[in-house]
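Taking it in order: structure first as structure tokens, then the write-up.
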Amino acid sequence: MDNAHGAHLFFTEPVLHPIALGASMTACSAHKTLNVLTGGAWLNIADERFVRDAKNAMALFGSTSPSYPIMASLDWCRAWLEEHGRAEFCHLQARVRELKKQAEKSGLHVPGMGWWEDPRRWDPTRITLDASSVELSGLEAAEILRHAGCEPEYADSQFVVLIVTPFNRERDFERLEIGIRLLADREARKAVPLPRGLERKPVPHTIGIPPLPPARISLREAVLAPSEWIYLEESAGRIAAEPACPCPPGVPVVMPGEEITKDAMDFLRAYGFSSIKVLK
């Protein structure tokens with residue numbers, strides 16, 4: 001299982017790591033949420049059937065010149081987690097919950113905070129804010145948070161998401177508190193300069209994944225054929241030359257050789273795509 005953003009989930013309460021929930025193997029990008037150098041990751045194996053051949057399989061893609069600083073950071077992080085992980089993440093969860101309560105008190109909707117919602121569906125160290133609840137797009141909210149000194153992990157037309165870690169200091173949380181108050185204050189936020197072009201767009205996750213497009217030629221033919229970049233608005237009916245893959249969910253809407261349908265074009269536009277590579 002791809003657990004790119006969940007390497008820390010063994011240390012949350014409840015424990016949400018896929019291995020703890022029954023997965024056979026997980027690929028965990030430790031550098032995304034833990035104190036590991038960029039590129040550092042673990043392959044966790046919980047099913048003995050896959051242990052014997054794992055190293056040989058990894059050798060197909062691995063380097064003969066690995067980065068020792070990255071490997072050292074992984075080992076250092078492992079030692080830190082064993083000694084401090086549970087207590088540090090427990091403290092972090094409590095601080096994050098305070099921030100979420102403040103956001104809700106300010107008028108922001110925070111997904112996952114409802115009494116009816118299953119806490120196992122939500123990473124308790126991540127803060128997701130529904131900016132539409134204060135008449136902003138997620139992209140506008142992200143700019144306002146940047147003005148307050150906070151860099152979001154992700155923003156779309158409705159939501160803005162922030163990653164919080166045990167290595168954030170109290171002054172980081174104080175900046176975020178200021179940013180949350182600014183989001184909710186319709187008068188004060190008018191003073192924040194916003195880039196042009198942050199107009200409201202349909203929310204991708206509410207319009208649904210478009211139907212699979214028809215394949216017009218093979219993937220191999222499409223990848224090797226002459227291609228060009230065009231404006232997305234002109235792409236309906238053309239054949240894709242490379243995958244168009246909005247993230248989340250990280251699933252291609254069209255693959256090379258497939259026709260770009262109007263549904264696919266509209267979906268990609270909602271995700272902010274403005275151009276796409278097609279066959280000549």
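Labeling convention for the structure tokens: chains A, B, ... as they appear, residues from 1 per chain, ligands from 1 in order of appearance.
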So that I can check the surroundings of Pro256 of chain A, please list as a PyMOL selection string every protein, DNA and RNA residue that reaches within 12 Å of it, counting only C-alpha atoms and ignoring chain neighbours fewer than 4 positions away. chain A and resi 213-225+227+238-245+252+260+276-279
Residue neighbourhood Leu268 of chain A, 8 Å, only C-alpha atoms, exclusion window fewer than 4 positions, as a list in words: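 Non-adjacent residues within range: Ala244, Pro246, Val253, Ala264, Gly272 and Phe273 of chain A.
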Pick out the residues sitting within 9 Å of segment 42-53 of chain A, and hand them over as a ChimeraX atom specification; count only C-alpha atoms, and ignore anything fewer than 5 positions along from it in its own chain. /A:7,19,22-30,58,74
Given only C-alpha atoms as the counted atoms, nearest of A:Met1, A:Ile127, A:Ala184, A:Cys247 to Ile144 of chain A: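 Result for the nearest residue to Ile144 of chain A: A:Ala184.
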Do you know which residues are at most 9 Å from segment 93-108 of chain A counting only C-alpha atoms, after dropping those on the same chain fewer than 2 positions away, and could you put them as a PyMOL selection string? chain A and resi 12-13+88-91+110+113+124-134+164+173+176-177+180-181+183-185
Serialized selection, C-alpha atoms, as a PDB file, in the first residue's frame:
ATOM      1  CA  THR A  12      -1.014   8.400  16.639  1.00  0.00           C
ATOM      2  CA  GLU A  13      -4.019   7.586  18.791  1.00  0.00           C
ATOM      3  CA  GLU A  88       5.556  13.571  21.092  1.00  0.00           C
ATOM      4  CA  PHE A  89       2.672  12.680  18.803  1.00  0.00           C
ATOM      5  CA  CYS A  90       0.267  12.504  21.745  1.00  0.00           C
ATOM      6  CA  HIS A  91       1.248  16.053  22.680  1.00  0.00           C
ATOM      7  CA  VAL A 110     -13.161  21.575   9.962  1.00  0.00           C
ATOM      8  CA  MET A 113     -14.523  17.241  13.947  1.00  0.00           C
ATOM      9  CA  PRO A 124      -5.189  13.570  13.712  1.00  0.00           C
ATOM     10  CA  THR A 125      -2.016  15.564  13.016  1.00  0.00           C
ATOM     11  CA  ARG A 126      -3.300  17.232   9.872  1.00  0.00           C
ATOM     12  CA  ILE A 127      -5.511  20.315   9.705  1.00  0.00           C
ATOM     13  CA  THR A 128      -8.030  20.589   6.881  1.00  0.00           C
ATOM     14  CA  LEU A 129     -10.067  23.801   6.659  1.00  0.00           C
ATOM     15  CA  ASP A 130     -13.168  24.241   4.492  1.00  0.00           C
ATOM     16  CA  ALA A 131     -12.577  27.761   3.222  1.00  0.00           C
ATOM     17  CA  SER A 132     -16.006  27.945   1.577  1.00  0.00           C
ATOM     18  CA  SER A 133     -17.494  28.228   5.077  1.00  0.00           C
ATOM     19  CA  VAL A 134     -16.014  31.765   5.284  1.00  0.00           C
ATOM     20  CA  VAL A 164       1.808  19.734  11.570  1.00  0.00           C
ATOM     21  CA  PHE A 173       1.291  27.435  16.165  1.00  0.00           C
ATOM     22  CA  LEU A 176      -1.301  29.643  12.516  1.00  0.00           C
ATOM     23  CA  GLU A 177      -3.696  30.941  15.168  1.00  0.00           C
ATOM     24  CA  ILE A 180      -7.037  31.266  11.288  1.00  0.00           C
ATOM     25  CA  ARG A 181      -8.405  34.454  12.849  1.00  0.00           C
ATOM     26  CA  LEU A 183      -9.400  33.827   7.515  1.00  0.00           C
ATOM     27  CA  ALA A 184     -12.535  34.325   9.583  1.00  0.00           C
ATOM     28  CA  ASP A 185     -12.285  38.144   9.732  1.00  0.00           C
TER      29      ASP A 185
END
Can you pull out every residue from segment 154-183 of chain A that DSSP, working from the backbone, puts in helix (DSSP H, G or I), and format the result as number ranges by chain? A: 170-183
I need the residues of segment 7-74 of chain A that end up classed as strand (DSSP E) by DSSP on the backbone, written out as a PyMOL selection string. chain A and resi 25-28+42-45
